[in-house]
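Engineer: Shown below is the structure under consideration.
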Amino acid sequence: MGGVVGRVGGRERRLRVVGRQLARVEGWGEVVRRVVALHATDPATVFLTVAARLREPGGGVTALEDALYGETGALVRMLAMRRTMFVVDRASAPTVYAAAGKQIAAAEHKKLLAFLAEGGGWDAAWLEKVQAQVRAALDEHGETGGAGLSRLVPGLREQVVVAAGKPYEARQNVASRIIRTMAAQGLIERRRPAGSWASSQFRWANAEPLPELPVAAARADLVKAWLGAYGPGTEADLKWWTGWSLTEVRKALAAVGAEQVLLDDDGVGHVLPGDGAPTADDVPPIATLLPALDPTPMGWRDRDWFLPAEHRAALFDRTGNVGPTVWWGGEVVGGWAHRADGTVATRLLADRGAAAATAVDAAAERLAAFLADGGVTVTPRFRTPLERELSA
């Protein structure tokens, strides 16, 4: 990486967010490309992330379900960056797995073996046998839920003793740990859940093996995609988003020839080669209601340039998970919640004028109509103070 090639201030960064991540597009594929990966810890987030960015969200659920669970399987869930669940395009899944998922899967497998050995005396050979039985059951019976797999595979019905000899000694089933680890390893994958698109009661199916990719090249490709969507970003932003070491981040930045720019605080950000030029000033502001854990507010560690520090206590939980947010002009200006009566309540924490307030009201009505069509009431998995207050 060479010297500093220019300055990209907060206003320019907010314009980039509007143009690159919040612009209304035609289909889910363009949304995924623009944000790199969809946060999927909360199943509803996947659908709300896409719907918020579609010109016409009405048909988005069916199209997205087809992409996730249809014959083509164009999208896939995987445990990846920061040991977080994401949905990624199947074509990019090998890159994401090699760059972030494979190392996490190995760690999960190691922890599972320790859990089984300590709690039940089972070893790697026993685990391998059970995993083979799970795959055989799925081959024979097709997509099956966790409870169904436990009925078909005796080993999944075993229990381990946790905290033996302690006052809080307990017994835990091994099924969920084994199934989740197999998914992290790419042996099985989540398929259409029981219930609505907001359900987490997934069925399981055998997964096709992902092609092996060199780790360094995969990390470079992932950083290139991230810079294209989120740049400029700091080394600290990338380290946080990927879960890599600082050395690994720097190697990947060097591999893509990232250029340095100064940010408003005179810190150093990174952009793709040739991406330091200003965005056109005619990018119109957009009112957008983003769900909890949306990839845009979760895209950077340092958020002062789009989210004032005084609003964080209302919009984040205690462990750093962002709740539902209201955006205008590339910055967070408030929050929202879905009430039991089907309405979407909003609160603006920053005054951006009458036009902004009117646009936010229209966006809330659009979201309420989308949720009513799906027959879904959305309550975030990780609730935040403002969301709780507004939903009451």
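Chain labels A, B, ... are given in the sequence in which chains occur in the structure tokens; within each chain residues are numbered consecutively from 1, and ligands are likewise numbered from 1 in the order shown.
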Would you list, as a list in words, the residues of region 291-365 of chain A that end up in helix (DSSP H, G or I) under DSSP run on this structure's backbone?
Structural biologist: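 After running DSSP on the backbone, region 291-365 of chain A has helix (DSSP H, G or I) at Ala309, Glu310, His311, Arg312, Ala313, Ala314, Leu315, Ala354, Ala355, Ala356, Ala357, Thr358, Ala359, Val360, Asp361, Ala362, Ala363, Ala364 and Glu365 of chain A.
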Engineer: Generate a file of the selected residues that holds N, CA and C atoms, formatted as a PDB file, in the first residue's frame.
Structural biologist:
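Done, and the output landed in out.pdb:
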ATOM      1  N   ALA A 309     -22.915   9.058  19.150  1.00  0.00           N
ATOM      2  CA  ALA A 309     -22.695   8.242  20.345  1.00  0.00           C
ATOM      3  C   ALA A 309     -23.844   8.346  21.330  1.00  0.00           C
ATOM      4  N   GLU A 310     -24.512   9.510  21.388  1.00  0.00           N
ATOM      5  CA  GLU A 310     -25.573   9.687  22.380  1.00  0.00           C
ATOM      6  C   GLU A 310     -26.814   8.838  22.082  1.00  0.00           C
ATOM      7  N   HIS A 311     -26.908   8.268  20.884  1.00  0.00           N
ATOM      8  CA  HIS A 311     -28.063   7.449  20.535  1.00  0.00           C
ATOM      9  C   HIS A 311     -27.812   5.951  20.719  1.00  0.00           C
ATOM     10  N   ARG A 312     -26.599   5.567  21.010  1.00  0.00           N
ATOM     11  CA  ARG A 312     -26.271   4.140  21.011  1.00  0.00           C
ATOM     12  C   ARG A 312     -26.959   3.367  22.127  1.00  0.00           C
ATOM     13  N   ALA A 313     -27.086   3.977  23.292  1.00  0.00           N
ATOM     14  CA  ALA A 313     -27.707   3.264  24.413  1.00  0.00           C
ATOM     15  C   ALA A 313     -29.135   2.861  24.085  1.00  0.00           C
ATOM     16  N   ALA A 314     -29.829   3.665  23.289  1.00  0.00           N
ATOM     17  CA  ALA A 314     -31.214   3.349  22.931  1.00  0.00           C
ATOM     18  C   ALA A 314     -31.309   2.311  21.830  1.00  0.00           C
ATOM     19  N   LEU A 315     -30.277   2.225  20.973  1.00  0.00           N
ATOM     20  CA  LEU A 315     -30.365   1.429  19.756  1.00  0.00           C
ATOM     21  C   LEU A 315     -29.575   0.130  19.785  1.00  0.00           C
ATOM     22  N   ALA A 354     -38.957  18.445   7.890  1.00  0.00           N
ATOM     23  CA  ALA A 354     -40.280  17.910   7.605  1.00  0.00           C
ATOM     24  C   ALA A 354     -40.246  16.859   6.513  1.00  0.00           C
ATOM     25  N   ALA A 355     -39.427  17.063   5.487  1.00  0.00           N
ATOM     26  CA  ALA A 355     -39.365  16.092   4.387  1.00  0.00           C
ATOM     27  C   ALA A 355     -38.891  14.739   4.883  1.00  0.00           C
ATOM     28  N   ALA A 356     -37.900  14.751   5.772  1.00  0.00           N
ATOM     29  CA  ALA A 356     -37.396  13.495   6.328  1.00  0.00           C
ATOM     30  C   ALA A 356     -38.477  12.801   7.154  1.00  0.00           C
ATOM     31  N   ALA A 357     -39.180  13.566   7.992  1.00  0.00           N
ATOM     32  CA  ALA A 357     -40.212  12.977   8.841  1.00  0.00           C
ATOM     33  C   ALA A 357     -41.330  12.366   8.008  1.00  0.00           C
ATOM     34  N   THR A 358     -41.725  13.068   6.934  1.00  0.00           N
ATOM     35  CA  THR A 358     -42.773  12.544   6.054  1.00  0.00           C
ATOM     36  C   THR A 358     -42.319  11.263   5.362  1.00  0.00           C
ATOM     37  N   ALA A 359     -41.071  11.253   4.905  1.00  0.00           N
ATOM     38  CA  ALA A 359     -40.542  10.067   4.226  1.00  0.00           C
ATOM     39  C   ALA A 359     -40.436   8.885   5.180  1.00  0.00           C
ATOM     40  N   VAL A 360     -40.081   9.127   6.422  1.00  0.00           N
ATOM     41  CA  VAL A 360     -39.991   8.052   7.418  1.00  0.00           C
ATOM     42  C   VAL A 360     -41.380   7.472   7.683  1.00  0.00           C
ATOM     43  N   ASP A 361     -42.391   8.336   7.784  1.00  0.00           N
ATOM     44  CA  ASP A 361     -43.762   7.842   7.983  1.00  0.00           C
ATOM     45  C   ASP A 361     -44.186   6.943   6.823  1.00  0.00           C
ATOM     46  N   ALA A 362     -43.844   7.352   5.599  1.00  0.00           N
ATOM     47  CA  ALA A 362     -44.197   6.543   4.428  1.00  0.00           C
ATOM     48  C   ALA A 362     -43.461   5.210   4.445  1.00  0.00           C
ATOM     49  N   ALA A 363     -42.190   5.222   4.869  1.00  0.00           N
ATOM     50  CA  ALA A 363     -41.420   3.977   4.943  1.00  0.00           C
ATOM     51  C   ALA A 363     -41.995   3.044   6.000  1.00  0.00           C
ATOM     52  N   ALA A 364     -42.500   3.607   7.105  1.00  0.00           N
ATOM     53  CA  ALA A 364     -43.113   2.788   8.147  1.00  0.00           C
ATOM     54  C   ALA A 364     -44.395   2.137   7.638  1.00  0.00           C
ATOM     55  N   GLU A 365     -45.190   2.874   6.867  1.00  0.00           N
ATOM     56  CA  GLU A 365     -46.415   2.302   6.302  1.00  0.00           C
ATOM     57  C   GLU A 365     -46.079   1.205   5.304  1.00  0.00           C
TER      58      GLU A 365
END
Engineer: Using only C-alpha atoms, which protein or nucleic acid residues come within 10 Å of region 302-305 of chain A? Drop anything in the same chain fewer than 4 positions from it, and give the result as a PyMOL selection string.
Structural biologist: chain A and resi 9-11+13-14+233-234+236-237+240+263-265+297-298+309-310+312+330-332
Engineer: Would you write out those residues with C-alpha atoms, as a PDB file, in the first residue's frame?
Structural biologist:
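Result file result_2.pdb:
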ATOM      1  CA  GLY A   9     -15.018  12.723   5.098  1.00  0.00           C
ATOM      2  CA  GLY A  10     -18.178  11.789   6.923  1.00  0.00           C
ATOM      3  CA  ARG A  11     -20.525  13.433   4.431  1.00  0.00           C
ATOM      4  CA  ARG A  13     -19.131   8.301   3.482  1.00  0.00           C
ATOM      5  CA  ARG A  14     -22.839   8.841   4.150  1.00  0.00           C
ATOM      6  CA  GLY A 233     -12.884   1.424   6.314  1.00  0.00           C
ATOM      7  CA  THR A 234     -10.116   1.276   8.860  1.00  0.00           C
ATOM      8  CA  ALA A 236      -9.918  -1.816  13.020  1.00  0.00           C
ATOM      9  CA  ASP A 237     -13.214  -1.979  11.092  1.00  0.00           C
ATOM     10  CA  TRP A 240     -13.807  -6.426  13.789  1.00  0.00           C
ATOM     11  CA  LEU A 263     -11.042  10.301   7.410  1.00  0.00           C
ATOM     12  CA  ASP A 264     -12.644  13.172   9.327  1.00  0.00           C
ATOM     13  CA  ASP A 265     -10.706  12.393  12.497  1.00  0.00           C
ATOM     14  CA  PRO A 297     -25.017  -0.656  10.771  1.00  0.00           C
ATOM     15  CA  MET A 298     -23.033  -3.805  11.603  1.00  0.00           C
ATOM     16  CA  ALA A 309     -22.695   8.242  20.345  1.00  0.00           C
ATOM     17  CA  GLU A 310     -25.573   9.687  22.380  1.00  0.00           C
ATOM     18  CA  ARG A 312     -26.271   4.140  21.011  1.00  0.00           C
ATOM     19  CA  GLY A 330     -26.943   7.717   5.091  1.00  0.00           C
ATOM     20  CA  GLU A 331     -27.168   8.234   8.851  1.00  0.00           C
ATOM     21  CA  VAL A 332     -29.163   6.729  11.685  1.00  0.00           C
TER      22      VAL A 332
END
Engineer: Name the residues in contact with region 38-41 of chain A at a cut-off of 7 Å, using only C-alpha atoms, excluding same-chain residues fewer than 5 positions from it; report them as a list in words.
Structural biologist: Val32, Val46, Thr84, Met85, Phe86, Val87, Val88, Leu293, Asp294 and Pro295 of chain A
Engineer: Skip Trp226 (chain A) itself and residues of its chain fewer than 2 positions away, then list as a PDB file with C-alpha atoms, in the first residue's frame all residues within 10 Å of it, counting only C-alpha atoms.
Structural biologist:
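Resulting contents of result_16.pdb:
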ATOM      1  CA  ARG A  33     -23.937  -8.121  -3.786  1.00  0.00           C
ATOM      2  CA  ARG A  34     -24.204  -4.611  -2.332  1.00  0.00           C
ATOM      3  CA  VAL A  35     -23.854  -5.674   1.320  1.00  0.00           C
ATOM      4  CA  VAL A  36     -21.582  -8.741   0.712  1.00  0.00           C
ATOM      5  CA  ALA A  37     -23.446 -10.990   3.173  1.00  0.00           C
ATOM      6  CA  ALA A 220      -8.107 -11.025  -0.395  1.00  0.00           C
ATOM      7  CA  ASP A 221     -11.316 -11.606  -2.363  1.00  0.00           C
ATOM      8  CA  LEU A 222     -13.466 -11.068   0.726  1.00  0.00           C
ATOM      9  CA  VAL A 223     -11.656  -7.836   1.591  1.00  0.00           C
ATOM     10  CA  LYS A 224     -12.064  -6.639  -1.990  1.00  0.00           C
ATOM     11  CA  GLY A 228     -16.323  -2.149  -2.565  1.00  0.00           C
ATOM     12  CA  ALA A 229     -19.389  -2.090  -0.316  1.00  0.00           C
ATOM     13  CA  TYR A 230     -18.154  -0.456   2.898  1.00  0.00           C
ATOM     14  CA  GLY A 231     -15.015   1.436   1.955  1.00  0.00           C
ATOM     15  CA  PRO A 232     -13.443   3.479   3.216  1.00  0.00           C
ATOM     16  CA  GLY A 233     -12.884   1.424   6.314  1.00  0.00           C
ATOM     17  CA  LEU A 238     -11.998  -4.886   9.004  1.00  0.00           C
ATOM     18  CA  TRP A 241     -15.979  -7.403  10.805  1.00  0.00           C
ATOM     19  CA  THR A 242     -13.881 -10.391   9.760  1.00  0.00           C
ATOM     20  CA  VAL A 271     -10.445   1.995  -0.343  1.00  0.00           C
ATOM     21  CA  LEU A 272     -10.093  -0.047  -3.484  1.00  0.00           C
ATOM     22  CA  GLY A 299     -20.533  -3.128   8.820  1.00  0.00           C
TER      23      GLY A 299
END
Engineer: Which is closer to Ala184 (chain A) than all the others in A:Ser245, A:Thr384, A:Gln159, A:Gln103, using only C-alpha atoms?
Structural biologist: A:Gln103
Engineer: Write out as a short mmCIF file (atom, residue, chain, number, x, y, z; two decimals) with N, CA and C atoms, in the first residue's frame all residues of region 60-223 of chain A that backbone DSSP assigns to strand (DSSP E).
Structural biologist:
data_model
loop_
_atom_site.label_atom_id
_atom_site.label_comp_id
_atom_site.auth_asym_id
_atom_site.auth_seq_id
_atom_site.Cartn_x
_atom_site.Cartn_y
_atom_site.Cartn_z
N LEU A 75 -28.72 -19.29 -2.53
CA LEU A 75 -28.19 -18.70 -1.30
C LEU A 75 -27.99 -19.80 -0.26
N VAL A 76 -27.02 -19.59 0.61
CA VAL A 76 -26.73 -20.59 1.63
C VAL A 76 -26.38 -19.91 2.94
N ARG A 77 -26.84 -20.51 4.04
CA ARG A 77 -26.47 -20.03 5.37
C ARG A 77 -25.16 -20.68 5.78
N MET A 78 -24.31 -19.89 6.43
CA MET A 78 -23.08 -20.48 6.97
C MET A 78 -22.56 -19.65 8.14
N LEU A 79 -21.90 -20.34 9.05
CA LEU A 79 -21.23 -19.69 10.17
C LEU A 79 -19.90 -19.16 9.64
N MET A 85 -23.74 -16.10 12.06
CA MET A 85 -24.46 -16.72 10.96
C MET A 85 -24.73 -15.69 9.87
N PHE A 86 -24.40 -16.05 8.63
CA PHE A 86 -24.64 -15.19 7.47
C PHE A 86 -25.35 -15.99 6.39
N VAL A 87 -26.00 -15.27 5.50
CA VAL A 87 -26.47 -15.82 4.23
C VAL A 87 -25.62 -15.21 3.14
N VAL A 88 -25.04 -16.07 2.29
CA VAL A 88 -24.19 -15.60 1.20
C VAL A 88 -24.63 -16.25 -0.10
N ASP A 89 -24.28 -15.62 -1.19
CA ASP A 89 -24.50 -16.21 -2.50
C ASP A 89 -23.72 -17.51 -2.59
N THR A 144 -35.13 -32.98 7.00
CA THR A 144 -35.66 -33.43 8.29
C THR A 144 -35.28 -32.43 9.36
N GLY A 145 -36.19 -32.16 10.29
CA GLY A 145 -35.91 -31.29 11.41
C GLY A 145 -35.04 -31.95 12.46
N GLN A 159 -27.13 -37.93 26.19
CA GLN A 159 -27.02 -36.73 27.01
C GLN A 159 -25.66 -36.69 27.70
N VAL A 160 -25.21 -35.50 28.00
CA VAL A 160 -23.95 -35.34 28.73
C VAL A 160 -24.24 -34.68 30.07
N VAL A 161 -23.36 -34.96 31.02
CA VAL A 161 -23.45 -34.33 32.33
C VAL A 161 -22.60 -33.07 32.31
N VAL A 162 -23.21 -31.97 32.66
CA VAL A 162 -22.53 -30.68 32.71
C VAL A 162 -22.36 -30.26 34.16
N ALA A 170 -26.25 -30.55 35.60
CA ALA A 170 -27.40 -30.74 34.72
C ALA A 170 -27.02 -31.70 33.59
N ARG A 171 -28.05 -32.17 32.89
CA ARG A 171 -27.84 -33.03 31.74
C ARG A 171 -28.30 -32.27 30.49
N GLN A 172 -27.52 -32.37 29.42
CA GLN A 172 -27.84 -31.70 28.16
C GLN A 172 -27.84 -32.69 27.02
N ASN A 173 -28.76 -32.50 26.11
CA ASN A 173 -28.77 -33.33 24.90
C ASN A 173 -27.60 -32.94 24.00
N ILE A 188 -23.83 -30.54 6.43
CA ILE A 188 -25.26 -30.40 6.26
C ILE A 188 -25.59 -28.92 6.19
N GLU A 189 -26.81 -28.60 5.74
CA GLU A 189 -27.19 -27.20 5.64
C GLU A 189 -28.65 -27.01 6.02
N ARG A 190 -28.97 -25.78 6.44
CA ARG A 190 -30.33 -25.44 6.84
C ARG A 190 -31.22 -25.31 5.60
N ARG A 191 -32.43 -25.86 5.73
CA ARG A 191 -33.39 -25.77 4.64
C ARG A 191 -34.68 -25.14 5.17
N ARG A 192 -35.74 -25.20 4.40
CA ARG A 192 -36.97 -24.47 4.71
C ARG A 192 -37.45 -24.80 6.13
N PRO A 193 -37.71 -23.76 6.93
CA PRO A 193 -38.13 -24.00 8.32
C PRO A 193 -39.60 -24.35 8.42
N PHE A 202 -35.43 -24.88 11.57
CA PHE A 202 -35.01 -25.30 10.25
C PHE A 202 -35.05 -26.83 10.09
N ARG A 203 -35.32 -27.24 8.87
CA ARG A 203 -35.07 -28.62 8.48
C ARG A 203 -33.63 -28.70 7.98
N TRP A 204 -33.12 -29.92 7.89
CA TRP A 204 -31.72 -30.11 7.52
C TRP A 204 -31.62 -31.01 6.30
N ALA A 205 -30.58 -30.77 5.50
CA ALA A 205 -30.30 -31.61 4.34
C ALA A 205 -28.80 -31.74 4.19
N ASN A 206 -28.36 -32.80 3.53
CA ASN A 206 -26.94 -32.94 3.26
C ASN A 206 -26.48 -31.83 2.32
#
Engineer: Which residues come within 10 Å of region 280-284 of chain A, counting only C-alpha atoms, excluding same-chain residues fewer than 6 positions away, as a list in words?
Structural biologist: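 The neighbour list is Arg11, Glu12, Leu15, Arg16, Val18, Gly19, Ala23, Trp328, Gly329 and Gly330 of chain A.
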Engineer: Which one of A:Arg90, A:Ala98, A:Ala164, A:Pro43 sits closest to Glu118 (chain A) if you count only C-alpha atoms?
Structural biologist: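 Closest candidate: A:Ala164.
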Engineer: Show which residues sit within 12 Å of Arg151 (chain A), as a PyMOL selection string. Count only C-alpha atoms, and ignore same-chain residues fewer than 5 positions away.
Structural biologist: chain A and resi 133-134+137+141+144-146+156-158+175
Engineer: Go ahead and save the picked residues with all heavy atoms, as a compact mmCIF listing (two decimals), in the first residue's frame.
Structural biologist:
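Contents of the output file again16.txt:
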# COMPACT_ATOMS: atom_id res chain seq x y z
N GLN A 133 -24.15 -41.39 10.41
CA GLN A 133 -25.53 -41.84 10.54
C GLN A 133 -26.50 -40.70 10.24
O GLN A 133 -27.56 -40.92 9.65
CB GLN A 133 -25.77 -42.39 11.94
CG GLN A 133 -25.06 -43.71 12.20
CD GLN A 133 -25.14 -44.14 13.65
OE1 GLN A 133 -25.49 -43.34 14.54
NE2 GLN A 133 -24.81 -45.41 13.92
N VAL A 134 -26.14 -39.48 10.63
CA VAL A 134 -26.98 -38.32 10.32
C VAL A 134 -27.07 -38.13 8.81
O VAL A 134 -28.16 -37.95 8.24
CB VAL A 134 -26.43 -37.06 10.99
CG1 VAL A 134 -27.13 -35.80 10.46
CG2 VAL A 134 -26.59 -37.14 12.51
N ALA A 137 -29.20 -40.81 7.25
CA ALA A 137 -30.63 -40.57 7.51
C ALA A 137 -31.18 -39.50 6.57
O ALA A 137 -32.30 -39.62 6.06
CB ALA A 137 -30.84 -40.18 8.97
N HIS A 141 -34.23 -40.05 4.05
CA HIS A 141 -35.51 -39.43 4.39
C HIS A 141 -35.66 -38.02 3.84
O HIS A 141 -36.75 -37.44 3.94
CB HIS A 141 -35.68 -39.40 5.91
CG HIS A 141 -35.73 -40.76 6.53
ND1 HIS A 141 -36.88 -41.52 6.59
CD2 HIS A 141 -34.74 -41.51 7.11
CE1 HIS A 141 -36.62 -42.67 7.19
NE2 HIS A 141 -35.33 -42.70 7.51
N THR A 144 -35.13 -32.98 7.00
CA THR A 144 -35.66 -33.43 8.29
C THR A 144 -35.28 -32.43 9.36
O THR A 144 -34.15 -31.91 9.39
CB THR A 144 -35.09 -34.81 8.66
OG1 THR A 144 -35.31 -35.72 7.57
CG2 THR A 144 -35.73 -35.36 9.92
N GLY A 145 -36.19 -32.16 10.29
CA GLY A 145 -35.91 -31.29 11.41
C GLY A 145 -35.04 -31.95 12.46
O GLY A 145 -34.79 -33.17 12.42
N GLY A 146 -34.60 -31.17 13.41
CA GLY A 146 -33.73 -31.69 14.45
C GLY A 146 -34.37 -32.80 15.27
O GLY A 146 -33.73 -33.81 15.58
N LEU A 156 -27.85 -39.20 18.65
CA LEU A 156 -28.27 -37.82 18.91
C LEU A 156 -29.14 -37.71 20.16
O LEU A 156 -29.35 -36.60 20.67
CB LEU A 156 -29.04 -37.27 17.71
CG LEU A 156 -28.24 -37.05 16.42
CD1 LEU A 156 -29.15 -36.50 15.33
CD2 LEU A 156 -27.06 -36.10 16.66
N ARG A 157 -29.61 -38.85 20.66
CA ARG A 157 -30.45 -38.82 21.86
C ARG A 157 -29.63 -38.94 23.14
O ARG A 157 -30.19 -38.89 24.24
CB ARG A 157 -31.50 -39.95 21.80
CG ARG A 157 -32.46 -39.82 20.62
CD ARG A 157 -33.69 -40.70 20.81
NE ARG A 157 -33.37 -42.13 20.80
CZ ARG A 157 -33.33 -42.88 19.70
NH1 ARG A 157 -33.59 -42.34 18.51
NH2 ARG A 157 -33.05 -44.17 19.77
N GLU A 158 -28.33 -39.11 22.99
CA GLU A 158 -27.48 -39.19 24.18
C GLU A 158 -27.45 -37.85 24.92
O GLU A 158 -27.70 -36.79 24.33
CB GLU A 158 -26.05 -39.58 23.79
CG GLU A 158 -25.93 -40.96 23.16
CD GLU A 158 -26.08 -42.07 24.18
OE1 GLU A 158 -26.30 -41.78 25.37
OE2 GLU A 158 -25.96 -43.25 23.78
N ALA A 175 -27.67 -33.47 20.68
CA ALA A 175 -28.14 -33.33 19.30
C ALA A 175 -27.85 -31.96 18.71
O ALA A 175 -27.28 -31.84 17.62
CB ALA A 175 -29.64 -33.63 19.22
